[in-house]
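Source file input.cif; content: mmCIF, C-alpha atoms.
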```cif
data_model
loop_
_atom_site.label_atom_id
_atom_site.label_comp_id
_atom_site.auth_asym_id
_atom_site.auth_seq_id
_atom_site.Cartn_x
_atom_site.Cartn_y
_atom_site.Cartn_z
CA MET A 1 38.27 -1.90 1.70
CA THR A 2 35.86 -0.35 4.17
CA SER A 3 33.76 2.69 3.41
CA PRO A 4 34.09 5.61 5.81
CA GLY A 5 31.15 6.14 8.13
CA LEU A 6 29.82 2.59 7.83
CA THR A 7 29.69 0.11 10.69
CA GLU A 8 30.10 -3.33 9.23
CA LEU A 9 27.87 -5.96 10.83
CA THR A 10 29.15 -9.04 9.00
CA ALA A 11 32.61 -10.43 8.38
CA ARG A 12 34.67 -9.07 5.49
CA PRO A 13 37.08 -11.48 3.75
CA ASP A 14 40.68 -10.75 4.69
CA ASP A 15 43.69 -11.39 2.49
CA SER A 16 45.33 -14.43 4.01
CA GLY A 17 44.75 -18.01 5.10
CA ILE A 18 41.30 -19.54 4.97
CA ASP A 19 39.54 -16.58 3.31
CA THR A 20 41.99 -16.56 0.42
CA ALA A 21 41.73 -20.34 -0.07
CA VAL A 22 37.93 -20.17 0.00
CA GLY A 23 37.98 -17.17 -2.36
CA ALA A 24 40.05 -19.26 -4.79
CA VAL A 25 37.53 -22.14 -4.55
CA ARG A 26 34.73 -19.66 -5.28
CA ARG A 27 36.64 -18.39 -8.34
CA LEU A 28 37.34 -21.94 -9.54
CA ALA A 29 33.65 -22.89 -9.14
CA ALA A 30 32.63 -19.88 -11.25
CA ALA A 31 35.34 -20.65 -13.83
CA LEU A 32 34.21 -24.27 -14.24
CA LEU A 33 30.59 -23.16 -14.64
CA ALA A 34 31.68 -20.57 -17.23
CA ALA A 35 33.75 -23.22 -19.03
CA GLY A 36 31.22 -26.05 -19.12
CA GLY A 37 31.95 -29.58 -20.24
CA ARG A 38 33.23 -28.76 -23.72
CA VAL A 39 36.37 -26.99 -22.51
CA ASP A 40 39.68 -28.25 -23.96
CA LEU A 41 41.09 -29.32 -20.59
CA ASP A 42 41.71 -32.66 -18.90
CA LEU A 43 38.81 -32.38 -16.48
CA ASP A 44 39.35 -35.85 -15.04
CA ASP A 45 42.90 -34.88 -14.10
CA LEU A 46 41.66 -31.61 -12.58
CA ALA A 47 39.09 -33.62 -10.62
CA ARG A 48 41.82 -35.95 -9.32
CA ARG A 49 44.00 -33.04 -8.16
CA LEU A 50 41.03 -31.38 -6.43
CA THR A 51 39.93 -34.62 -4.79
CA ALA A 52 43.45 -35.08 -3.43
CA MET A 53 43.35 -31.55 -1.99
CA ALA A 54 39.93 -32.18 -0.42
CA GLY A 55 41.27 -35.40 1.14
CA GLU A 56 44.26 -33.50 2.54
CA VAL A 57 42.00 -30.85 4.14
CA GLU A 58 39.49 -33.42 5.46
CA GLU A 59 42.35 -35.35 7.11
CA LEU A 60 43.38 -32.28 9.10
CA ALA A 61 39.90 -30.92 9.90
CA PRO A 62 38.80 -31.01 13.55
CA GLU A 63 35.87 -33.11 14.75
CA LEU A 64 32.58 -31.57 13.56
CA ALA A 65 31.40 -31.00 17.17
CA ASP A 66 34.57 -29.00 17.94
CA ARG A 67 34.32 -27.04 14.72
CA MET A 68 30.68 -26.22 15.47
CA VAL A 69 31.71 -24.72 18.82
CA ASP A 70 34.46 -22.78 17.07
CA MET A 71 32.24 -21.42 14.26
CA TRP A 72 29.58 -20.30 16.74
CA SER A 73 32.01 -18.76 19.23
CA GLY A 74 31.21 -15.27 20.44
CA GLU A 75 27.69 -13.87 20.04
CA GLY A 76 28.19 -11.67 17.03
CA VAL A 77 29.37 -12.06 13.48
CA THR A 78 29.59 -15.50 11.86
CA ARG A 79 32.24 -16.35 9.23
CA HIS A 80 30.65 -19.57 7.93
CA ASP A 81 27.10 -18.82 6.71
CA PRO A 82 26.06 -19.19 3.05
CA VAL A 83 25.36 -15.47 2.52
CA THR A 84 28.06 -13.40 4.23
CA GLY A 85 30.57 -16.08 5.27
CA PRO A 86 34.13 -15.53 3.99
CA GLU A 87 34.83 -19.20 4.86
CA ASN A 88 31.87 -20.48 2.81
CA ALA A 89 32.42 -20.80 -0.96
CA ILE A 90 28.65 -20.73 -1.54
CA ALA A 91 28.40 -17.18 -0.14
CA PRO A 92 28.90 -14.40 -2.75
CA PRO A 93 29.83 -13.06 -0.01
CA LEU A 94 27.59 -10.11 0.89
CA VAL A 95 28.95 -7.58 3.43
CA LEU A 96 26.22 -5.82 5.43
CA SER A 97 26.64 -2.51 7.24
CA ALA A 98 24.48 -0.35 9.48
CA GLU A 99 23.31 2.61 7.41
CA PRO A 100 24.53 5.78 9.11
CA ASP A 101 21.71 8.05 10.30
CA SER A 102 19.07 5.65 8.95
CA PRO A 103 15.71 6.57 10.55
CA ASP A 104 14.54 2.95 10.29
CA GLY A 105 17.80 1.40 11.55
CA ALA A 106 18.39 -0.26 8.20
CA VAL A 107 21.30 -2.50 7.31
CA SER A 108 22.46 -2.87 3.72
CA GLY A 109 25.16 -4.07 1.40
CA THR A 110 26.01 -4.18 -2.30
CA VAL A 111 26.55 -7.40 -4.20
CA ASN A 112 27.18 -8.27 -7.84
CA LEU A 113 26.23 -11.84 -8.78
CA GLY A 114 27.61 -14.00 -11.59
CA ILE A 115 26.25 -17.07 -13.37
CA SER A 116 26.63 -19.29 -10.30
CA TYR A 117 23.49 -17.57 -9.00
CA GLN A 118 21.46 -17.68 -12.23
CA GLY A 119 17.74 -18.53 -12.40
CA PRO A 120 16.06 -17.32 -15.63
CA PRO A 121 18.54 -16.51 -18.44
CA GLY A 122 20.75 -13.60 -17.37
CA CYS A 123 18.85 -13.14 -14.10
CA VAL A 124 19.39 -13.98 -10.45
CA HIS A 125 17.50 -17.08 -9.25
CA GLY A 126 14.37 -16.15 -7.29
CA GLY A 127 15.51 -18.47 -4.51
CA ILE A 128 18.88 -16.70 -4.30
CA SER A 129 17.07 -13.36 -3.85
CA ALA A 130 15.09 -15.06 -1.06
CA LEU A 131 18.32 -16.33 0.53
CA LEU A 132 19.94 -12.87 0.49
CA LEU A 133 16.81 -11.22 1.90
CA ASP A 134 16.13 -13.79 4.63
CA HIS A 135 19.67 -13.38 5.87
CA THR A 136 19.60 -9.58 5.65
CA LEU A 137 16.34 -9.43 7.64
CA GLY A 138 18.02 -11.60 10.28
CA VAL A 139 21.01 -9.25 10.48
CA ALA A 140 18.62 -6.24 10.66
CA ASN A 141 16.87 -7.91 13.60
CA ALA A 142 20.15 -8.58 15.40
CA HIS A 143 21.18 -4.96 14.76
CA ALA A 144 17.86 -3.76 16.24
CA GLY A 145 18.49 -5.90 19.32
CA THR A 146 15.63 -8.46 19.03
CA SER A 147 16.07 -11.40 16.75
CA GLY A 148 14.73 -14.90 16.26
CA MET A 149 13.89 -17.68 13.84
CA THR A 150 12.07 -17.04 10.57
CA GLY A 151 8.35 -17.91 10.94
CA THR A 152 6.96 -16.66 7.64
CA LEU A 153 8.79 -15.05 4.74
CA THR A 154 7.01 -13.48 1.77
CA LEU A 155 8.86 -12.39 -1.34
CA ARG A 156 7.35 -10.19 -4.03
CA TYR A 157 9.27 -10.30 -7.28
CA GLU A 158 8.48 -7.00 -8.98
CA ARG A 159 11.12 -7.00 -11.74
CA PRO A 160 13.77 -9.46 -12.95
CA VAL A 161 17.02 -9.16 -10.97
CA PRO A 162 19.92 -8.89 -13.42
CA LEU A 163 23.23 -10.75 -13.08
CA HIS A 164 26.52 -8.80 -13.34
CA THR A 165 24.90 -5.66 -11.86
CA ASP A 166 25.43 -3.91 -8.54
CA LEU A 167 22.46 -4.77 -6.34
CA VAL A 168 21.70 -3.20 -2.97
CA VAL A 169 20.20 -5.60 -0.43
CA ARG A 170 18.54 -3.75 2.43
CA GLY A 171 16.64 -4.79 5.55
CA TRP A 172 15.07 -3.13 8.55
CA GLN A 173 12.96 -4.10 11.55
CA GLU A 174 9.43 -2.76 11.27
CA ARG A 175 7.94 -3.58 14.70
CA VAL A 176 8.00 -6.00 17.63
CA GLU A 177 4.88 -7.26 19.47
CA GLY A 178 5.56 -9.71 22.26
CA ARG A 179 7.61 -12.49 20.68
CA LYS A 180 6.66 -11.50 17.13
CA ILE A 181 9.04 -9.47 15.02
CA TRP A 182 8.14 -7.99 11.63
CA SER A 183 10.94 -7.02 9.29
CA HIS A 184 11.09 -5.76 5.73
CA GLY A 185 13.67 -5.75 2.99
CA THR A 186 14.33 -4.90 -0.63
CA ILE A 187 16.72 -5.65 -3.45
CA THR A 188 17.22 -2.59 -5.60
CA SER A 189 19.24 -1.63 -8.64
CA GLY A 190 19.65 2.13 -8.93
CA ASP A 191 16.25 3.60 -8.03
CA GLU A 192 14.28 0.51 -8.96
CA VAL A 193 12.93 -1.93 -6.39
CA LEU A 194 13.28 -5.41 -7.88
CA VAL A 195 12.22 -7.64 -4.97
CA ARG A 196 10.44 -6.92 -1.69
CA ALA A 197 10.51 -9.17 1.36
CA GLU A 198 8.42 -9.26 4.50
CA GLY A 199 9.34 -11.56 7.34
CA LEU A 200 7.66 -12.57 10.56
CA PHE A 201 10.27 -13.80 13.01
CA ILE A 202 9.70 -15.44 16.37
CA ASP A 203 11.91 -14.23 19.21
CA LYS A 204 13.51 -17.43 20.43
CA HIS A 205 16.90 -17.99 21.88
CA VAL A 206 18.69 -20.61 19.85
CA GLU A 207 21.38 -22.34 21.85
CA ARG A 208 24.82 -22.02 20.31
CA PRO A 209 27.06 -25.07 20.50
CA ARG A 210 29.42 -24.72 23.48
CA ARG A 211 32.06 -26.86 25.10
CA GLY A 212 31.08 -28.37 28.44
CA PRO A 213 33.00 -27.18 31.56
CA SER A 214 34.99 -30.43 31.66
CA GLN A 215 36.31 -30.13 28.11
CA MET B 1 21.78 -44.56 -9.58
CA THR B 2 18.21 -44.16 -10.77
CA SER B 3 15.26 -45.56 -8.87
CA PRO B 4 12.92 -47.81 -10.82
CA GLY B 5 9.61 -46.24 -11.77
CA LEU B 6 10.80 -42.64 -11.39
CA THR B 7 11.06 -40.20 -14.27
CA GLU B 8 13.88 -37.83 -13.50
CA LEU B 9 13.14 -34.22 -14.44
CA THR B 10 16.51 -32.67 -13.62
CA ALA B 11 20.06 -33.58 -14.51
CA ARG B 12 21.88 -36.23 -12.49
CA PRO B 13 25.66 -35.84 -12.07
CA ASP B 14 27.54 -38.35 -14.20
CA ASP B 15 30.93 -39.82 -13.39
CA SER B 16 33.31 -38.11 -15.75
CA GLY B 17 34.51 -34.73 -16.97
CA ILE B 18 32.89 -31.54 -15.76
CA ASP B 19 30.53 -33.13 -13.22
CA THR B 20 33.41 -34.91 -11.48
CA ALA B 21 35.54 -31.75 -11.40
CA VAL B 22 32.63 -29.72 -10.01
CA GLY B 23 31.86 -32.48 -7.50
CA ALA B 24 35.47 -32.26 -6.30
CA VAL B 25 35.15 -28.45 -5.93
CA ARG B 26 31.98 -28.98 -3.90
CA ARG B 27 33.80 -31.47 -1.65
CA LEU B 28 36.78 -29.11 -1.25
CA ALA B 29 34.47 -26.20 -0.36
CA ALA B 30 32.80 -28.33 2.34
CA ALA B 31 36.19 -29.56 3.60
CA LEU B 32 37.57 -26.01 3.96
CA LEU B 33 34.44 -24.92 5.83
CA ALA B 34 34.74 -27.97 8.10
CA ALA B 35 38.43 -27.20 8.67
CA GLY B 36 38.22 -23.46 9.35
CA GLY B 37 41.18 -21.14 9.65
CA ARG B 38 42.96 -22.97 12.49
CA VAL B 39 43.80 -26.04 10.43
CA ASP B 40 47.48 -27.08 10.34
CA LEU B 41 47.86 -26.60 6.60
CA ASP B 42 49.59 -24.04 4.39
CA LEU B 43 46.38 -22.31 3.29
CA ASP B 44 48.21 -19.61 1.34
CA ASP B 45 49.92 -22.30 -0.72
CA LEU B 46 46.58 -24.07 -1.25
CA ALA B 47 45.10 -20.74 -2.35
CA ARG B 48 47.95 -20.24 -4.86
CA ARG B 49 47.44 -23.71 -6.37
CA LEU B 50 43.68 -23.16 -6.64
CA THR B 51 44.09 -19.69 -8.13
CA ALA B 52 46.44 -21.15 -10.77
CA MET B 53 43.82 -23.80 -11.63
CA ALA B 54 41.09 -21.14 -11.86
CA GLY B 55 43.30 -19.09 -14.20
CA GLU B 56 43.89 -22.16 -16.36
CA VAL B 57 40.13 -22.85 -16.66
CA GLU B 58 39.25 -19.17 -17.25
CA GLU B 59 41.82 -19.01 -20.07
CA LEU B 60 40.09 -21.85 -21.93
CA ALA B 61 36.48 -20.88 -21.18
CA PRO B 62 34.35 -19.76 -24.14
CA GLU B 63 32.94 -16.23 -24.41
CA LEU B 64 30.10 -15.74 -21.89
CA ALA B 65 27.56 -15.11 -24.71
CA ASP B 66 28.46 -18.43 -26.35
CA ARG B 67 28.38 -20.29 -23.05
CA MET B 68 24.95 -18.77 -22.27
CA VAL B 69 23.60 -20.20 -25.56
CA ASP B 70 25.16 -23.54 -24.72
CA MET B 71 23.83 -23.72 -21.15
CA TRP B 72 20.31 -22.82 -22.29
CA SER B 73 20.27 -25.16 -25.30
CA GLY B 74 17.24 -27.42 -25.64
CA GLU B 75 14.02 -26.60 -23.80
CA GLY B 76 14.28 -29.04 -20.95
CA VAL B 77 16.70 -29.80 -18.19
CA THR B 78 19.43 -27.33 -17.22
CA ARG B 79 22.83 -28.45 -15.89
CA HIS B 80 23.99 -25.10 -14.51
CA ASP B 81 21.41 -23.85 -11.95
CA PRO B 82 22.24 -23.38 -8.24
CA VAL B 83 19.81 -26.09 -7.04
CA THR B 84 19.97 -29.10 -9.39
CA GLY B 85 22.94 -28.21 -11.63
CA PRO B 86 25.72 -30.83 -11.67
CA GLU B 87 27.99 -28.14 -13.20
CA ASN B 88 27.32 -25.68 -10.37
CA ALA B 89 29.31 -26.19 -7.15
CA ILE B 90 26.73 -24.16 -5.20
CA ALA B 91 24.01 -26.75 -5.95
CA PRO B 92 23.78 -29.61 -3.40
CA PRO B 93 22.66 -30.90 -6.10
CA LEU B 94 19.01 -31.92 -5.73
CA VAL B 95 17.62 -34.44 -8.26
CA LEU B 96 13.87 -34.08 -8.86
CA SER B 97 11.62 -36.78 -10.28
CA ALA B 98 7.96 -37.03 -11.24
CA GLU B 99 6.20 -39.06 -8.56
CA PRO B 100 4.66 -42.13 -10.20
CA ASP B 101 0.84 -42.20 -9.99
CA SER B 102 0.80 -38.92 -8.02
CA PRO B 103 -2.79 -37.57 -8.12
CA ASP B 104 -1.50 -33.98 -7.87
CA GLY B 105 1.29 -34.40 -10.45
CA ALA B 106 3.94 -33.82 -7.79
CA VAL B 107 7.68 -33.76 -8.32
CA SER B 108 10.08 -34.56 -5.52
CA GLY B 109 13.63 -35.39 -4.55
CA THR B 110 15.68 -36.24 -1.48
CA VAL B 111 18.62 -34.15 -0.33
CA ASN B 112 20.93 -34.25 2.67
CA LEU B 113 22.61 -30.93 3.46
CA GLY B 114 25.91 -30.29 5.24
CA ILE B 115 27.32 -27.24 7.03
CA SER B 116 27.71 -25.27 3.78
CA TYR B 117 23.93 -24.73 3.98
CA GLN B 118 23.73 -23.88 7.71
CA GLY B 119 21.57 -21.10 9.15
CA PRO B 120 20.85 -21.53 12.88
CA PRO B 121 23.26 -23.94 14.63
CA GLY B 122 22.83 -27.44 13.17
CA CYS B 123 19.93 -26.34 10.95
CA VAL B 124 19.45 -25.52 7.29
CA HIS B 125 19.39 -21.76 6.53
CA GLY B 126 15.81 -20.51 5.99
CA GLY B 127 16.93 -18.92 2.73
CA ILE B 128 18.32 -22.25 1.50
CA SER B 129 14.93 -23.88 2.18
CA ALA B 130 13.40 -21.03 0.14
CA LEU B 131 15.89 -21.64 -2.69
CA LEU B 132 15.13 -25.38 -2.83
CA LEU B 133 11.37 -24.78 -2.75
CA ASP B 134 11.31 -21.96 -5.31
CA HIS B 135 13.20 -24.16 -7.73
CA THR B 136 11.07 -27.24 -7.03
CA LEU B 137 7.85 -25.26 -7.61
CA GLY B 138 9.31 -24.12 -10.94
CA VAL B 139 10.10 -27.71 -11.96
CA ALA B 140 6.58 -28.78 -10.85
CA ASN B 141 5.13 -26.08 -13.11
CA ALA B 142 7.26 -27.18 -16.07
CA HIS B 143 6.19 -30.77 -15.42
CA ALA B 144 2.53 -29.68 -15.38
CA GLY B 145 3.04 -27.93 -18.71
CA THR B 146 2.50 -24.27 -17.71
CA SER B 147 5.37 -22.41 -16.13
CA GLY B 148 6.52 -18.85 -15.60
CA MET B 149 8.41 -16.40 -13.44
CA THR B 150 7.94 -16.28 -9.64
CA GLY B 151 5.56 -13.43 -8.72
CA THR B 152 5.07 -14.06 -4.99
CA LEU B 153 6.59 -16.76 -2.82
CA THR B 154 5.51 -17.39 0.77
CA LEU B 155 7.43 -19.70 3.06
CA ARG B 156 6.07 -20.98 6.39
CA TYR B 157 8.75 -22.37 8.64
CA GLU B 158 6.94 -24.83 10.88
CA ARG B 159 9.91 -26.66 12.42
CA PRO B 160 13.70 -26.31 12.26
CA VAL B 161 15.18 -28.14 9.25
CA PRO B 162 18.06 -30.32 10.44
CA LEU B 163 21.42 -30.65 8.66
CA HIS B 164 22.82 -34.13 7.91
CA THR B 165 19.30 -35.59 7.54
CA ASP B 166 17.44 -36.90 4.50
CA LEU B 167 14.94 -34.24 3.50
CA VAL B 168 12.22 -34.68 0.88
CA VAL B 169 11.54 -31.56 -1.18
CA ARG B 170 8.19 -31.78 -2.96
CA GLY B 171 6.23 -29.46 -5.25
CA TRP B 172 3.00 -29.57 -7.22
CA GLN B 173 0.88 -27.21 -9.29
CA GLU B 174 -2.37 -26.33 -7.55
CA ARG B 175 -4.27 -24.40 -10.25
CA VAL B 176 -3.97 -22.10 -13.25
CA GLU B 177 -6.23 -19.10 -13.94
CA GLY B 178 -5.39 -17.16 -17.07
CA ARG B 179 -1.71 -16.24 -16.73
CA LYS B 180 -1.63 -16.94 -12.98
CA ILE B 181 -0.25 -20.20 -11.68
CA TRP B 182 -0.49 -21.30 -8.03
CA SER B 183 1.89 -23.96 -6.82
CA HIS B 184 2.63 -25.51 -3.44
CA GLY B 185 5.54 -27.32 -1.91
CA THR B 186 6.90 -28.83 1.27
CA ILE B 187 10.14 -29.91 2.88
CA THR B 188 9.57 -32.96 5.05
CA SER B 189 11.65 -35.26 7.21
CA GLY B 190 9.93 -38.60 7.78
CA ASP B 191 6.26 -37.75 8.38
CA GLU B 192 6.92 -34.22 9.62
CA VAL B 193 6.36 -31.16 7.45
CA LEU B 194 9.15 -28.69 8.27
CA VAL B 195 8.55 -25.93 5.72
CA ARG B 196 5.59 -25.11 3.46
CA ALA B 197 5.78 -22.93 0.36
CA GLU B 198 3.12 -21.30 -1.76
CA GLY B 199 4.04 -19.60 -4.99
CA LEU B 200 2.17 -17.43 -7.45
CA PHE B 201 3.86 -17.62 -10.82
CA ILE B 202 3.11 -15.55 -13.91
CA ASP B 203 2.97 -17.46 -17.18
CA LYS B 204 5.49 -15.59 -19.30
CA HIS B 205 7.74 -16.90 -22.00
CA VAL B 206 11.31 -16.02 -21.12
CA GLU B 207 13.53 -15.90 -24.19
CA ARG B 208 16.45 -18.29 -24.00
CA PRO B 209 19.77 -17.05 -25.41
CA ARG B 210 20.14 -18.32 -28.98
CA ARG B 211 22.69 -17.90 -31.75
CA GLY B 212 21.52 -15.73 -34.65
CA PRO B 213 21.04 -17.41 -38.07
CA SER B 214 24.26 -15.84 -39.36
CA GLN B 215 26.43 -17.24 -36.55
#
```
Encoded form using structure tokens:
Amino acid sequence: MTSPGLTELTARPDDSGIDTAVGAVRRLAAALLAAGGRVDLDLDDLARRLTAMAGEVEELAPELADRMVDMWSGEGVTRHDPVTGPENAIAPPLVLSAEPDSPDGAVSGTVNLGISYQGPPGCVHGGISALLLDHTLGVANAHAGTSGMTGTLTLRYERPVPLHTDLVVRGWQERVEGRKIWSHGTITSGDEVLVRAEGLFIDKHVERPRRGPSQ
Amino acid sequence: MTSPGLTELTARPDDSGIDTAVGAVRRLAAALLAAGGRVDLDLDDLARRLTAMAGEVEELAPELADRMVDMWSGEGVTRHDPVTGPENAIAPPLVLSAEPDSPDGAVSGTVNLGISYQGPPGCVHGGISALLLDHTLGVANAHAGTSGMTGTLTLRYERPVPLHTDLVVRGWQERVEGRKIWSHGTITSGDEVLVRAEGLFIDKHVERPRRGPSQ
């Protein structure tokens, strides 16, 4: 479901093929964590069935070098990263959009995290907040037209970030000086800022894996 | 397999039940990401089988409030967190140990990350490095005897962090002043420091979920 007036900058899971299979893995991972080891289920049998499935998929997977070219094809949106990637079961996934009429060119998205992302009891892990913000600052930089590698990232944790709550992750590029890029971000719930991030990025072209002309 | 002379501070996956099932989910998640959407496999059928399994596990899972008490039982090691938790498919998982005879009371562990944790092509996502370090600083604080919530975390990315390489994640408590705790950490490969972290933590007792006396 897309919201009217928003330009999405990251991939949105679709309802067939790989995204659905990965979505089911994500759901199973959360279910097993919610169940724990005391569940009245033959976990060894479940493990055997899953291992067989993994073997089946591994058998058919392309060579890693080919897959790397494929996952980095094009110059825009990736589908594999651990924050927004519909093909990555680690990703919640977060969908980021350009905010319409934003004076600071901000990008943002809403995410609701379950116990897979827990740090302190009932709260999002501080490192997960860092992961969401680092990625969002990177997308904000790409949206602004000048992006690079993270040099320094500072996170200020102002309030605990609750699980099972709609969180808005927001990022914007503050300024560019030569090869240095400063970007800011926040995680908010309602009107409250929970975490602030400040990143210094270095404008550097990172080569994407490509096939040689002879291949 | 435990190394002689090391005191492990986090859970190590064992070879039966929940850890094996979660390990198989982790392997399947990596396999699907390595395969991508062009694999010659009936992904919709795979998704249906996985969704059925997830439904089966969800049906048998305890109430979330009960599970929260269970996962936070004891005061020590957790088995559910997204960094070291054997029951969490998001966790690589990293196993942290107290370094024997370390003058700074450091804790460390070795981890080798695949494409599920990718940021720039062939490299670990900067936010994943932040996640590993935030958690390791927390374990270092617990090991030192005074721990708390992350207040500020600063990451300095000195060199790209390669995938498919043994990385040592290390953390130690630098000093404590009143309720403020300063801790440092690094990610290294061989002799090279790739990422440095500095955290300011606030000593604060976070209530763990407990059952009331009447329950």
Here's the selection I'm unsure about, the PyMOL selection byres ((chain B and resi 33) around 8); applied to the file above, which residues does it give, as a ChimeraX atom specification?
/A:80,87-88 /B:29-32,34-36,115-116
Hey, can you spit out that residue selection with C-alpha atoms as a PDB file, keeping the file's coordinate frame?
```
ATOM      1  CA  HIS A  80      30.650 -19.570   7.930  1.00  0.00           C
ATOM      2  CA  GLU A  87      34.830 -19.200   4.860  1.00  0.00           C
ATOM      3  CA  ASN A  88      31.870 -20.480   2.810  1.00  0.00           C
TER       4      ASN A  88
ATOM      5  CA  ALA B  29      34.470 -26.200  -0.360  1.00  0.00           C
ATOM      6  CA  ALA B  30      32.800 -28.330   2.340  1.00  0.00           C
ATOM      7  CA  ALA B  31      36.190 -29.560   3.600  1.00  0.00           C
ATOM      8  CA  LEU B  32      37.570 -26.010   3.960  1.00  0.00           C
ATOM      9  CA  ALA B  34      34.740 -27.970   8.100  1.00  0.00           C
ATOM     10  CA  ALA B  35      38.430 -27.200   8.670  1.00  0.00           C
ATOM     11  CA  GLY B  36      38.220 -23.460   9.350  1.00  0.00           C
ATOM     12  CA  ILE B 115      27.320 -27.240   7.030  1.00  0.00           C
ATOM     13  CA  SER B 116      27.710 -25.270   3.780  1.00  0.00           C
TER      14      SER B 116
END
```
Show me, as a PDB file with C-alpha atoms, in the coordinates of the input, the residues that have an atom within 8 Å of B:Pro209 when counting only C-alpha atoms, minus same-chain residues fewer than 4 positions from it.
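Okay, selection_10.pdb is ready:
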```pdb
ATOM      1  CA  PRO A 121      18.540 -16.510 -18.440  1.00  0.00           C
TER       2      PRO A 121
ATOM      3  CA  MET B  68      24.950 -18.770 -22.270  1.00  0.00           C
ATOM      4  CA  VAL B  69      23.600 -20.200 -25.560  1.00  0.00           C
ATOM      5  CA  TRP B  72      20.310 -22.820 -22.290  1.00  0.00           C
TER       6      TRP B  72
END
```
Stretch 191-205 of chain B: which residues within 6 Å, counting all atoms listed in the file, same-chain residues fewer than 6 positions away excluded, as a PyMOL selection string?
chain B and resi 147-159+179-185
Export of the given selection (C-alpha atoms) as a PDB file, in the coordinates of the input:
```
ATOM      1  CA  SER B 147       5.370 -22.410 -16.130  1.00  0.00           C
ATOM      2  CA  GLY B 148       6.520 -18.850 -15.600  1.00  0.00           C
ATOM      3  CA  MET B 149       8.410 -16.400 -13.440  1.00  0.00           C
ATOM      4  CA  THR B 150       7.940 -16.280  -9.640  1.00  0.00           C
ATOM      5  CA  GLY B 151       5.560 -13.430  -8.720  1.00  0.00           C
ATOM      6  CA  THR B 152       5.070 -14.060  -4.990  1.00  0.00           C
ATOM      7  CA  LEU B 153       6.590 -16.760  -2.820  1.00  0.00           C
ATOM      8  CA  THR B 154       5.510 -17.390   0.770  1.00  0.00           C
ATOM      9  CA  LEU B 155       7.430 -19.700   3.060  1.00  0.00           C
ATOM     10  CA  ARG B 156       6.070 -20.980   6.390  1.00  0.00           C
ATOM     11  CA  TYR B 157       8.750 -22.370   8.640  1.00  0.00           C
ATOM     12  CA  GLU B 158       6.940 -24.830  10.880  1.00  0.00           C
ATOM     13  CA  ARG B 159       9.910 -26.660  12.420  1.00  0.00           C
ATOM     14  CA  ARG B 179      -1.710 -16.240 -16.730  1.00  0.00           C
ATOM     15  CA  LYS B 180      -1.630 -16.940 -12.980  1.00  0.00           C
ATOM     16  CA  ILE B 181      -0.250 -20.200 -11.680  1.00  0.00           C
ATOM     17  CA  TRP B 182      -0.490 -21.300  -8.030  1.00  0.00           C
ATOM     18  CA  SER B 183       1.890 -23.960  -6.820  1.00  0.00           C
ATOM     19  CA  HIS B 184       2.630 -25.510  -3.440  1.00  0.00           C
ATOM     20  CA  GLY B 185       5.540 -27.320  -1.910  1.00  0.00           C
TER      21      GLY B 185
END
```
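For the choices A:Leu96, A:Met71, A:Ala61, A:Ala24, the atom-to-atom distance to B:Val39 is smallest for A:Ala61 when using only C-alpha atoms.
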Exercise: stretch 110-114 of chain B partners within 7 Å, only C-alpha atoms, chain neighbours under 3 positions left out, as a PyMOL selection string
chain B and resi 94+117+163-169
Only C-alpha atoms, please: the residues just picked out, written as a compact mmCIF listing (two decimals), in the frame of the given file.
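In the end it all went to out-v5.txt:
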```txt
# COMPACT_ATOMS: atom_id res chain seq x y z
CA LEU B 94 19.01 -31.92 -5.73
CA TYR B 117 23.93 -24.73 3.98
CA LEU B 163 21.42 -30.65 8.66
CA HIS B 164 22.82 -34.13 7.91
CA THR B 165 19.30 -35.59 7.54
CA ASP B 166 17.44 -36.90 4.50
CA LEU B 167 14.94 -34.24 3.50
CA VAL B 168 12.22 -34.68 0.88
CA VAL B 169 11.54 -31.56 -1.18
```
Output of the PyMOL selection byres ((chain B and resi 26) around 10), listed as number ranges by chain
A: 25-26, 29, 50-51, 54, 89-90; B: 20-25, 27-31, 88-93, 116
Given the file above and the PyMOL selection byres ((chain A and resi 140) around 7), which residues are selected, and can you give them as a ChimeraX atom specification?
/A:106-107,136-139,141-144,171-173
Find the residue from B:Leu6, B:Arg38, B:Ser108, B:Thr186 that sits nearest to B:Thr84; use only C-alpha atoms when measuring.
B:Ser108
Show which residues sit within 7 Å of stretch 41-43 of chain B, as a tab-separated table (two decimals) with C-alpha atoms, in the frame of the given file. Count only C-alpha atoms, and ignore same-chain residues fewer than 2 positions away.
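Written output follows (result.tsv):
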```
chain	number	residue	atom	x	y	z
A	17	GLY	CA	44.75	-18.01	5.10
A	18	ILE	CA	41.30	-19.54	4.97
A	21	ALA	CA	41.73	-20.34	-0.07
B	39	VAL	CA	43.80	-26.04	10.43
B	45	ASP	CA	49.92	-22.30	-0.72
B	46	LEU	CA	46.58	-24.07	-1.25
B	47	ALA	CA	45.10	-20.74	-2.35
```
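For the residues B:Glu8, B:Glu99, B:Asp14, B:Asp134, ranking by smallest atom-to-atom distance to chain A using only C-alpha atoms places B:Asp134 first.
Across the structure, atom CA of A:Met53 and atom CA of A:Arg67 are spaced 19.5 Å apart.
What separates atom CA of B:Ala130 from atom CA of B:Leu9 is a distance of 19.7 Å.
If you measure from each of B:Thr7, B:Thr78, B:Gln118, B:Thr188 to chain A using all atoms listed in the file, the closest one turns out to be B:Gln118.
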